[in-house]
$ cat work22.cif   # mmCIF, C-alpha atoms
data_input
#
loop_
_atom_site.label_atom_id
_atom_site.label_comp_id
_atom_site.auth_asym_id
_atom_site.auth_seq_id
_atom_site.Cartn_x
_atom_site.Cartn_y
_atom_site.Cartn_z
CA MET A 1 132.47 123.34 27.71
CA ALA A 2 133.13 125.96 25.07
CA GLN A 3 130.84 128.97 25.23
CA LEU A 4 127.59 128.38 23.35
CA LYS A 5 126.90 130.68 20.43
CA ALA A 6 123.10 130.40 20.52
CA ALA A 7 122.02 129.77 24.08
CA ARG A 8 123.73 128.83 27.29
CA VAL A 9 122.72 125.43 28.59
CA ALA A 10 121.42 127.08 31.75
CA ASP A 11 119.04 129.18 29.67
CA VAL A 12 117.24 126.17 28.26
CA PRO A 13 113.92 125.82 30.17
CA MET A 14 114.99 122.61 31.85
CA ALA A 15 117.79 122.80 34.38
CA LEU A 16 120.72 121.17 32.63
CA ASP A 17 123.32 122.38 35.12
CA VAL A 18 122.92 119.42 37.45
CA LEU A 19 125.50 116.68 37.12
CA ALA A 20 123.27 113.81 38.16
CA ALA A 21 124.15 111.62 41.04
CA GLY A 22 123.17 108.70 38.81
CA ALA A 23 126.27 108.94 36.65
CA PRO A 24 126.46 105.18 36.00
CA ALA A 25 122.97 105.20 34.50
CA THR A 26 123.97 108.21 32.44
CA SER A 27 127.02 106.38 31.14
CA ALA A 28 124.82 103.49 30.08
CA ILE A 29 122.51 105.85 28.23
CA LEU A 30 125.50 107.55 26.63
CA ALA A 31 126.65 104.18 25.35
CA GLU A 32 123.15 103.65 23.95
CA VAL A 33 123.32 107.03 22.18
CA ASP A 34 126.69 106.09 20.69
CA ALA A 35 125.35 102.71 19.59
CA ALA A 36 122.23 104.34 18.19
CA GLY A 37 124.38 106.65 16.11
CA ALA A 38 126.37 103.72 14.77
CA ARG A 39 123.24 101.69 13.95
CA SER A 40 121.61 104.73 12.37
CA ALA A 41 124.66 105.32 10.18
CA ALA A 42 124.47 101.71 9.06
CA ALA A 43 120.78 102.19 8.28
CA GLY A 44 121.44 105.26 6.18
CA GLY A 45 121.34 108.03 8.78
CA GLY A 46 124.04 109.98 10.56
CA GLY A 47 126.74 111.93 8.82
CA GLY A 48 126.95 109.70 5.79
CA GLY A 49 127.09 112.53 3.25
CA GLN A 50 123.45 113.56 3.52
CA ARG A 51 122.60 117.23 3.96
CA PHE A 52 121.53 118.14 7.49
CA ALA A 53 118.49 120.42 7.18
CA VAL A 54 117.87 123.54 9.26
CA ILE A 55 114.25 124.74 9.30
CA GLY A 56 113.15 128.13 10.64
CA HIS A 57 110.41 127.76 13.27
CA ARG A 58 107.45 129.97 12.29
CA GLY A 59 109.92 131.78 10.07
CA LYS A 60 112.88 133.33 11.90
CA GLY A 61 111.65 131.95 15.23
CA MET A 62 108.57 131.86 17.42
CA ASN A 63 107.59 134.80 19.65
CA ALA A 64 108.11 133.96 23.33
CA LEU A 65 106.60 137.16 24.68
CA ALA A 66 107.50 136.44 28.31
CA SER A 67 111.12 135.52 27.56
CA PRO A 68 113.91 137.84 28.72
CA ASP A 69 115.73 136.94 25.49
CA ARG A 70 114.96 139.79 23.09
CA ARG A 71 115.73 137.56 20.13
CA MET A 72 112.45 135.78 20.82
CA GLN A 73 110.54 139.02 20.15
CA GLU A 74 112.60 140.20 17.19
CA VAL A 75 110.11 139.78 14.34
CA LYS A 76 106.44 138.73 14.24
CA GLU A 77 106.22 134.96 13.94
CA ASN A 78 104.36 133.34 11.04
CA SER A 79 104.59 136.53 8.98
CA LEU A 80 105.90 137.29 5.50
CA ARG A 81 108.62 139.43 7.08
CA SER A 82 109.72 136.60 9.34
CA PHE A 83 109.86 134.12 6.46
CA ASN A 84 111.92 136.45 4.29
CA GLU A 85 114.20 137.33 7.21
CA ALA A 86 114.88 133.60 7.65
CA ALA A 87 115.70 133.38 3.94
CA ARG A 88 118.73 135.61 4.55
CA PHE A 89 120.37 132.62 6.22
CA PRO A 90 121.11 129.12 4.87
CA VAL A 91 117.86 127.49 6.04
CA ASP A 92 116.24 124.89 3.82
CA TYR A 93 112.62 125.42 4.89
CA VAL A 94 110.47 127.63 7.05
CA GLU A 95 107.85 125.93 9.19
CA PHE A 96 104.48 127.55 9.79
CA ASP A 97 100.97 126.75 11.01
CA VAL A 98 97.97 126.76 8.69
CA GLN A 99 94.31 126.92 9.70
CA VAL A 100 91.27 127.45 7.49
CA THR A 101 88.83 130.29 8.13
CA LYS A 102 85.06 129.86 8.22
CA ASP A 103 84.82 130.93 4.57
CA GLY A 104 87.44 128.40 3.47
CA CYS A 105 90.66 130.44 3.22
CA PRO A 106 93.93 128.94 4.55
CA VAL A 107 95.65 131.45 6.85
CA ILE A 108 98.93 131.30 8.77
CA PHE A 109 98.48 131.52 12.54
CA HIS A 110 99.58 129.30 15.40
CA ASP A 111 97.12 129.77 18.25
CA ASN A 112 93.60 128.34 18.23
CA PHE A 113 92.18 131.62 19.56
CA ILE A 114 92.95 135.22 18.64
CA PHE A 115 92.63 137.93 21.30
CA THR A 116 91.93 141.65 21.19
CA LYS A 117 90.76 144.42 23.52
CA GLU A 118 87.64 146.54 22.94
CA ASP A 119 86.34 149.16 25.40
CA GLY A 120 88.70 147.83 28.04
CA LYS A 121 87.44 144.24 27.70
CA ILE A 122 89.47 141.24 26.47
CA LEU A 123 87.68 139.43 23.66
CA ASP A 124 88.65 136.18 21.98
CA LYS A 125 87.54 134.37 18.84
CA ARG A 126 88.38 130.95 17.51
CA VAL A 127 90.42 131.51 14.34
CA THR A 128 88.43 128.95 12.37
CA ASP A 129 85.17 130.71 13.30
CA LEU A 130 86.29 133.95 11.64
CA GLN A 131 85.73 135.05 8.07
CA LEU A 132 88.97 135.93 6.27
CA GLU A 133 88.09 139.63 6.22
CA ASP A 134 87.65 139.63 10.00
CA PHE A 135 90.85 137.65 10.64
CA LEU A 136 92.94 140.15 8.69
CA LEU A 137 91.63 143.07 10.78
CA TYR A 138 93.80 142.05 13.76
CA GLY A 139 97.21 143.68 14.19
CA PRO A 140 99.02 145.98 11.76
CA GLN A 141 97.42 146.51 8.36
CA ASN A 142 98.83 146.46 4.84
CA GLU A 143 96.97 149.63 3.92
CA GLN A 144 99.10 152.60 4.91
CA GLY A 145 97.55 154.72 7.63
CA LYS A 146 94.92 152.13 8.52
CA GLY A 147 94.92 150.79 12.06
CA GLY A 148 93.87 147.28 12.98
CA LYS A 149 92.40 145.76 16.09
CA PRO A 150 94.88 145.44 18.97
CA LEU A 151 96.44 141.97 18.83
CA LEU A 152 96.96 140.21 22.16
CA ARG A 153 98.19 136.75 23.04
CA LYS A 154 97.37 134.28 25.79
CA LEU A 155 100.49 132.79 27.36
CA LYS A 156 100.78 129.26 28.73
CA ASP A 157 100.47 130.57 32.28
CA GLY A 158 97.09 132.13 31.43
CA ARG A 159 98.23 135.74 31.22
CA ILE A 160 97.02 137.78 28.25
CA VAL A 161 99.59 140.30 27.00
CA ASN A 162 100.05 142.71 24.13
CA TRP A 163 101.72 140.98 21.18
CA ASN A 164 104.68 143.37 21.09
CA VAL A 165 107.66 142.63 18.85
CA GLN A 166 110.51 144.73 17.55
CA SER A 167 109.53 144.26 13.90
CA ASP A 168 105.79 143.81 13.39
CA ASP A 169 103.98 142.64 10.26
CA PRO A 170 100.36 141.97 9.21
CA LEU A 171 98.71 138.57 9.46
CA CYS A 172 98.84 136.69 6.16
CA THR A 173 97.27 133.95 4.08
CA LEU A 174 98.90 130.83 2.67
CA GLN A 175 98.47 132.23 -0.84
CA GLU A 176 100.41 135.37 0.11
CA ALA A 177 103.24 133.23 1.45
CA PHE A 178 103.56 131.45 -1.88
CA GLU A 179 103.45 134.73 -3.78
CA LYS A 180 105.71 136.89 -1.59
CA VAL A 181 108.25 134.65 0.16
CA ASN A 182 111.68 134.00 -1.34
CA PRO A 183 111.10 131.14 -3.82
CA ARG A 184 114.23 129.25 -2.78
CA LEU A 185 112.69 128.46 0.61
CA GLY A 186 110.81 125.24 1.11
CA PHE A 187 107.61 125.29 3.16
CA ASN A 188 107.02 122.91 6.07
CA ILE A 189 103.25 123.38 6.36
CA GLU A 190 101.91 122.28 9.74
CA LEU A 191 98.24 121.34 9.47
CA LYS A 192 96.95 122.93 12.66
CA PHE A 193 94.03 121.46 14.63
CA ASP A 194 92.74 121.97 18.16
CA ASP A 195 93.66 119.12 20.54
CA ASN A 196 90.42 119.72 22.44
CA LEU A 197 88.12 119.14 19.47
CA GLU A 198 87.08 115.97 17.70
CA TYR A 199 87.08 115.99 13.91
CA GLN A 200 85.19 113.73 11.55
CA GLU A 201 86.93 112.55 8.38
CA GLU A 202 84.54 114.54 6.20
CA GLU A 203 85.42 117.76 8.05
CA LEU A 204 89.15 117.04 7.87
CA THR A 205 88.87 116.32 4.16
CA CYS A 206 87.12 119.62 3.50
CA ILE A 207 89.77 121.60 5.44
CA LEU A 208 92.70 119.83 3.82
CA GLN A 209 91.27 120.18 0.32
CA ALA A 210 91.08 123.95 0.85
CA ILE A 211 94.78 123.93 1.72
CA LEU A 212 95.71 121.70 -1.20
CA LYS A 213 93.83 123.94 -3.63
CA VAL A 214 96.14 126.84 -2.73
CA VAL A 215 99.26 124.65 -2.66
CA PHE A 216 98.74 123.16 -6.11
CA GLU A 217 97.78 126.50 -7.65
CA TYR A 218 100.76 128.49 -6.32
CA VAL A 219 103.53 126.04 -5.43
CA LYS A 220 105.58 126.19 -8.67
CA ASP A 221 108.93 124.50 -7.86
CA ARG A 222 108.91 125.19 -4.12
CA PRO A 223 109.65 122.12 -1.92
CA ILE A 224 106.78 121.21 0.41
CA ILE A 225 106.48 119.06 3.54
CA PHE A 226 103.14 118.58 5.30
CA SER A 227 103.08 117.75 9.00
CA SER A 228 100.49 117.45 11.75
CA PHE A 229 100.06 116.41 15.38
CA GLN A 230 96.53 115.29 14.48
CA PRO A 231 96.93 111.63 13.44
CA ASP A 232 93.73 111.48 11.40
CA ALA A 233 94.54 114.72 9.58
CA ALA A 234 97.99 113.40 8.67
CA GLN A 235 96.44 110.18 7.37
CA VAL A 236 93.79 112.00 5.35
CA MET A 237 96.39 114.31 3.79
CA ARG A 238 98.38 111.24 2.74
CA LYS A 239 95.23 109.79 1.14
CA LEU A 240 94.38 113.02 -0.67
CA GLN A 241 97.74 113.46 -2.39
CA SER A 242 101.03 111.69 -3.02
CA THR A 243 102.99 114.59 -4.52
CA TYR A 244 104.44 115.89 -1.25
CA PRO A 245 105.66 114.02 1.84
CA VAL A 246 103.56 113.92 5.00
CA TYR A 247 105.28 113.77 8.40
CA PHE A 248 103.68 112.91 11.72
CA LEU A 249 104.40 115.35 14.54
CA THR A 250 104.85 113.84 17.99
CA ASN A 251 106.03 114.88 21.44
CA GLY A 252 107.96 111.62 21.48
CA GLY A 253 106.46 110.50 24.78
CA THR A 254 107.21 113.74 26.66
CA GLU A 255 103.45 114.31 27.07
CA ILE A 256 100.62 111.80 27.31
CA TYR A 257 97.37 112.04 25.34
CA ALA A 258 94.14 110.06 25.21
CA ASP A 259 95.04 109.06 21.64
CA VAL A 260 97.79 106.45 22.11
CA ARG A 261 99.11 107.14 18.61
CA ARG A 262 100.58 110.36 19.98
CA ASN A 263 102.33 108.92 23.02
CA SER A 264 105.61 107.45 21.79
CA LEU A 265 108.05 107.22 18.92
CA GLU A 266 107.15 103.56 18.54
CA GLU A 267 103.49 104.48 17.96
CA ALA A 268 104.59 107.18 15.52
CA ILE A 269 106.54 104.61 13.51
CA LYS A 270 103.51 102.28 13.42
CA LEU A 271 101.22 105.07 12.25
CA CYS A 272 103.60 106.17 9.51
CA LEU A 273 104.11 102.66 8.19
CA ALA A 274 100.38 101.89 8.27
CA SER A 275 99.48 105.13 6.48
CA GLY A 276 102.35 105.46 4.01
CA MET A 277 103.69 108.64 5.61
CA GLN A 278 107.27 109.54 4.91
CA GLY A 279 108.63 110.88 8.17
CA ILE A 280 108.41 111.83 11.84
CA VAL A 281 108.93 115.19 13.53
CA SER A 282 109.69 114.60 17.22
CA GLU A 283 110.30 116.84 20.20
CA ALA A 284 114.09 116.74 20.62
CA ARG A 285 113.75 115.56 24.24
CA GLY A 286 111.97 112.44 22.97
CA ILE A 287 115.00 111.56 20.85
CA PHE A 288 117.45 112.04 23.72
CA ARG A 289 115.25 110.04 26.07
CA HIS A 290 114.89 107.19 23.58
CA PRO A 291 117.98 107.23 21.34
CA ALA A 292 117.40 103.60 20.32
CA ALA A 293 114.30 104.78 18.41
CA VAL A 294 116.45 106.61 15.86
CA PRO A 295 117.82 103.52 14.07
CA LYS A 296 114.33 101.99 14.18
CA ILE A 297 112.99 105.04 12.37
CA LYS A 298 115.80 104.74 9.82
CA GLU A 299 115.22 101.01 9.36
CA ALA A 300 111.57 101.85 8.61
CA ASN A 301 112.87 104.11 5.81
CA LEU A 302 111.41 107.20 7.49
CA SER A 303 112.93 110.65 7.68
CA LEU A 304 113.41 112.21 11.12
CA LEU A 305 113.24 115.88 12.08
CA THR A 306 113.06 117.40 15.55
CA TYR A 307 111.72 120.56 17.18
CA GLY A 308 111.92 122.13 20.63
CA THR A 309 113.95 124.51 22.78
CA LEU A 310 116.96 122.17 22.86
CA ASN A 311 117.40 122.87 19.15
CA ASN A 312 118.59 126.36 20.07
CA VAL A 313 121.70 124.79 21.65
CA PRO A 314 124.39 124.00 19.04
CA GLU A 315 125.78 121.01 20.94
CA ALA A 316 122.34 119.42 21.14
CA VAL A 317 121.90 119.92 17.39
CA TYR A 318 125.29 118.39 16.69
CA MET A 319 124.55 115.38 18.87
CA GLN A 320 121.36 114.77 16.91
CA HIS A 321 123.30 114.93 13.66
CA LEU A 322 125.64 112.24 14.96
CA MET A 323 122.67 110.13 16.06
CA GLY A 324 121.16 110.18 12.57
CA VAL A 325 118.53 112.94 12.77
CA ASN A 326 117.95 114.48 9.32
CA GLY A 327 117.23 118.04 10.39
CA VAL A 328 116.13 120.43 13.11
CA ILE A 329 113.43 123.09 13.45
CA VAL A 330 114.95 126.08 15.26
CA ASP A 331 114.10 129.52 16.62
CA LEU A 332 117.57 131.05 16.64
CA VAL A 333 118.04 130.81 12.91
CA GLN A 334 121.20 132.88 12.54
CA GLU A 335 123.04 131.29 15.43
CA ILE A 336 122.16 127.69 14.59
CA THR A 337 122.86 127.98 10.86
CA GLU A 338 126.27 129.43 11.72
CA ALA A 339 126.94 126.62 14.20
CA VAL A 340 125.82 123.95 11.73
CA SER A 341 128.08 125.34 9.01
CA GLU A 342 131.02 125.19 11.45
CA LEU A 343 130.28 121.84 13.08
CA ILE A 344 128.69 119.79 10.32
CA THR A 345 130.28 119.33 6.93
CA VAL A 346 129.52 116.77 4.25
CA PRO A 347 132.83 114.92 3.77
CA GLU A 348 134.23 114.32 0.33
CA PRO A 349 134.50 110.59 -0.46
CA ASP A 350 138.01 109.26 0.13
CA LEU A 351 138.85 106.98 -2.78
CA ASN A 352 142.29 106.03 -1.46
CA ALA A 353 142.35 102.23 -1.47
CA ASP A 354 144.49 102.16 1.68
CA ASN A 355 141.92 104.19 3.60
CA LEU A 356 139.08 101.98 2.42
CA SER A 357 140.77 98.81 3.64
CA ASN A 358 141.20 97.40 7.13
CA GLY A 359 137.84 98.75 8.30
CA ALA A 360 138.77 102.43 7.82
CA ALA A 361 135.61 103.12 5.84
CA LYS A 362 133.46 101.53 8.53
CA ASP A 363 135.16 103.57 11.26
CA ALA A 364 134.60 106.77 9.30
CA ALA A 365 130.87 106.11 9.26
CA THR A 366 130.70 105.43 13.00
CA PRO A 367 130.19 108.45 15.27
CA HIS A 368 132.80 109.01 17.98
CA PHE A 369 132.20 111.45 20.84
CA SER A 370 134.81 113.99 21.86
CA GLN A 371 135.39 114.88 25.52
CA CYS A 372 133.38 118.09 24.97
CA GLU A 373 130.46 116.12 23.54
CA ILE A 374 130.57 113.58 26.37
CA SER A 375 130.64 116.40 28.92
CA PHE A 376 127.58 117.96 27.31
CA LEU A 377 125.68 114.67 27.25
CA LEU A 378 126.54 113.95 30.87
CA ARG A 379 124.83 117.23 31.72
CA LEU A 380 121.96 116.85 29.30
CA ILE A 381 120.73 113.31 29.57
CA PRO A 382 119.98 112.99 33.31
CA GLU A 383 117.43 115.81 33.12
CA LEU A 384 115.86 114.43 29.97
CA VAL A 385 115.29 110.95 31.34
CA GLN A 386 113.51 112.12 34.50
#

$ encode --input "work22.cif" --output "structure tokens"
Amino acid sequence: MAQLKAARVADVPMALDVLAAGAPATSAILAEVDAAGARSAAAGGGGGGQRFAVIGHRGKGMNALASPDRRMQEVKENSLRSFNEAARFPVDYVEFDVQVTKDGCPVIFHDNFIFTKEDGKILDKRVTDLQLEDFLLYGPQNEQGKGGKPLLRKLKDGRIVNWNVQSDDPLCTLQEAFEKVNPRLGFNIELKFDDNLEYQEEELTCILQAILKVVFEYVKDRPIIFSSFQPDAAQVMRKLQSTYPVYFLTNGGTEIYADVRRNSLEEAIKLCLASGMQGIVSEARGIFRHPAAVPKIKEANLSLLTYGTLNNVPEAVYMQHLMGVNGVIVDLVQEITEAVSELITVPEPDLNADNLSNGAAKDAATPHFSQCEISFLLRLIPELVQ
């Protein structure tokens, strides 16, 4: 394979360097991917002249504090600086996480708990239990010369580390994002809720109304997409407003939850159709594991975006484009936008009557895989299907 511009396949946190012994099964899946791309193109997806969207994850990329890749600690995630850094590149949206403080202010922060150290002890607070004034005390401060509380982060392996990045920035509110982020950028606002808590509709409504109040007051002409992993929150947001699209976030079957609505792309389609939502955001692995779901999503007239580490690999992004995915949420904004501009172009319509006859137009709309693409899929798919 040609050298990857964004990340080597071996760097993706799933070993993709194993050419599976089950090559025949892989070939069958590859045929399914190819067929899925063709069916998706027929249903209105694929490379049929539609713009393929690139969305910056938490701005210019999330902070993976334990990663040896320094790009993952370049700029503080979910910050005004990160959003405006992403705007330097041809991204369509930035994605970020919104929670509502105890006193009703929407703030931008991913984790459910915020950590600090006082007198040598690690202390944590649930973000939604904090007043806005207290939330903003963590990390660097806007006021020159004023120091904030040390900001720490709990990693997935349980370790708690200093939240050190090369370019730091204060925590911010949703209102500040509307006021201070480049107005050409759309906002993909993830409605963030704790998987370990149960929410009543009345509570969800109150939280979402606080978010909508800020959105409607400051949005101007900025494009907005709402999304959430919390099925009830996504449904309530769709009930509360019809101005902006609501997408359902799903792991696409890569993780299993007590709520069956979260456990597959098929369930995601059902939920969207029943609730009038406009799209699905799936973990990219879910799409590669179940490529036949893509044309079903298109036939349901739903948009499809993906997220996940695979979206930092240009070949994986390109494969999704051929399959009919509408856009990707990425961490390596510069590298992936460059790759997309090189690999994916919107073709000019060919009005030559000779080219439109004898099935030429149909063939042009049907994805065909090069040897490089097949080689990549032969490496990629066996690991994904396990």

$ atom_distance --input "work22.cif" --atom1 "atom CA of Glu190 of chain A" --atom2 "atom CA of Asp134 of chain A"
22.5 Å

$ resolve_selection --input "work22.cif" --expression "the PyMOL selection byres ((chain A and resi 300) around 10)" --output "PyMOL selection string"
chain A and resi 43+269-270+272-273+278-279+294-299+301-303

$ write_last_selection --input "work22.cif" --atoms "C-alpha atoms" --output "tab-separated table (two decimals), keeping the file's coordinate frame"
chain	number	residue	atom	x	y	z
A	43	ALA	CA	120.78	102.19	8.28
A	269	ILE	CA	106.54	104.61	13.51
A	270	LYS	CA	103.51	102.28	13.42
A	272	CYS	CA	103.60	106.17	9.51
A	273	LEU	CA	104.11	102.66	8.19
A	278	GLN	CA	107.27	109.54	4.91
A	279	GLY	CA	108.63	110.88	8.17
A	294	VAL	CA	116.45	106.61	15.86
A	295	PRO	CA	117.82	103.52	14.07
A	296	LYS	CA	114.33	101.99	14.18
A	297	ILE	CA	112.99	105.04	12.37
A	298	LYS	CA	115.80	104.74	9.82
A	299	GLU	CA	115.22	101.01	9.36
A	301	ASN	CA	112.87	104.11	5.81
A	302	LEU	CA	111.41	107.20	7.49
A	303	SER	CA	112.93	110.65	7.68

$ closest_residue --input "work22.cif" --among "A:Val161, A:Lys121, A:Glu143, A:Leu80" --to "Gln175 of chain A" --atoms "all atoms listed in the file"
A:Leu80

$ resolve_selection --input "work22.cif" --expression "the PyMOL selection byres ((chain A and resi 154) around 10)" --output "list in words"
Leu65, Asp111, Phe113, Ile114, Phe115, Asp124, Leu152, Arg153, Leu155, Lys156, Asp157, Gly158, Arg159, Ile160, Val161, Asn162 and Trp163 of chain A

$ resolve_selection --input "work22.cif" --expression "the PyMOL selection byres ((chain A and resi 90) around 10)" --output "mmCIF file with C-alpha atoms, keeping the file's coordinate frame"
data_model
loop_
_atom_site.group_PDB
_atom_site.id
_atom_site.type_symbol
_atom_site.label_atom_id
_atom_site.label_comp_id
_atom_site.auth_asym_id
_atom_site.auth_seq_id
_atom_site.Cartn_x
_atom_site.Cartn_y
_atom_site.Cartn_z
ATOM 1 C CA ALA A 53 118.490 120.420 7.180
ATOM 2 C CA VAL A 54 117.870 123.540 9.260
ATOM 3 C CA ILE A 55 114.250 124.740 9.300
ATOM 4 C CA GLY A 56 113.150 128.130 10.640
ATOM 5 C CA ALA A 86 114.880 133.600 7.650
ATOM 6 C CA ALA A 87 115.700 133.380 3.940
ATOM 7 C CA ARG A 88 118.730 135.610 4.550
ATOM 8 C CA PHE A 89 120.370 132.620 6.220
ATOM 9 C CA VAL A 91 117.860 127.490 6.040
ATOM 10 C CA ASP A 92 116.240 124.890 3.820
ATOM 11 C CA TYR A 93 112.620 125.420 4.890
ATOM 12 C CA LEU A 185 112.690 128.460 0.610
ATOM 13 C CA VAL A 333 118.040 130.810 12.910
ATOM 14 C CA GLN A 334 121.200 132.880 12.540
ATOM 15 C CA ILE A 336 122.160 127.690 14.590
ATOM 16 C CA THR A 337 122.860 127.980 10.860
ATOM 17 C CA GLU A 338 126.270 129.430 11.720
ATOM 18 C CA VAL A 340 125.820 123.950 11.730
ATOM 19 C CA SER A 341 128.080 125.340 9.010
#

$ atom_distance --input "work22.cif" --atom1 "atom CA of Cys105 of chain A" --atom2 "atom CA of Pro170 of chain A"
16.2 Å

$ residues_around --input "work22.cif" --residues "Glu267 of chain A" --least-positions-apart "3" --cutoff "12 Å" --atoms "only C-alpha atoms" --output "VMD selection string"
chain A and resid 231 248 to 253 259 to 264 270 to 274 280 282 293 296 to 297

$ residues_around --input "work22.cif" --residues "segment 99-101 of chain A" --least-positions-apart "5" --cutoff "9 Å" --atoms "all atoms listed in the file" --output "MDAnalysis selection string"
chainID A and resid 106:110 112 127:132 135 190:193 207:208 210:211

$ closest_residue --input "work22.cif" --among "A:Ile225, A:Val328, A:Leu123, A:Val215" --to "Asn188 of chain A" --atoms "all atoms listed in the file"
A:Ile225

$ residues_around --input "work22.cif" --residues "Leu332 of chain A" --least-positions-apart "5" --cutoff "12 Å" --atoms "only C-alpha atoms" --output "ChimeraX atom specification"
/A:5-7,54-64,69-75,85-86,89,91,308-314,317,337-340
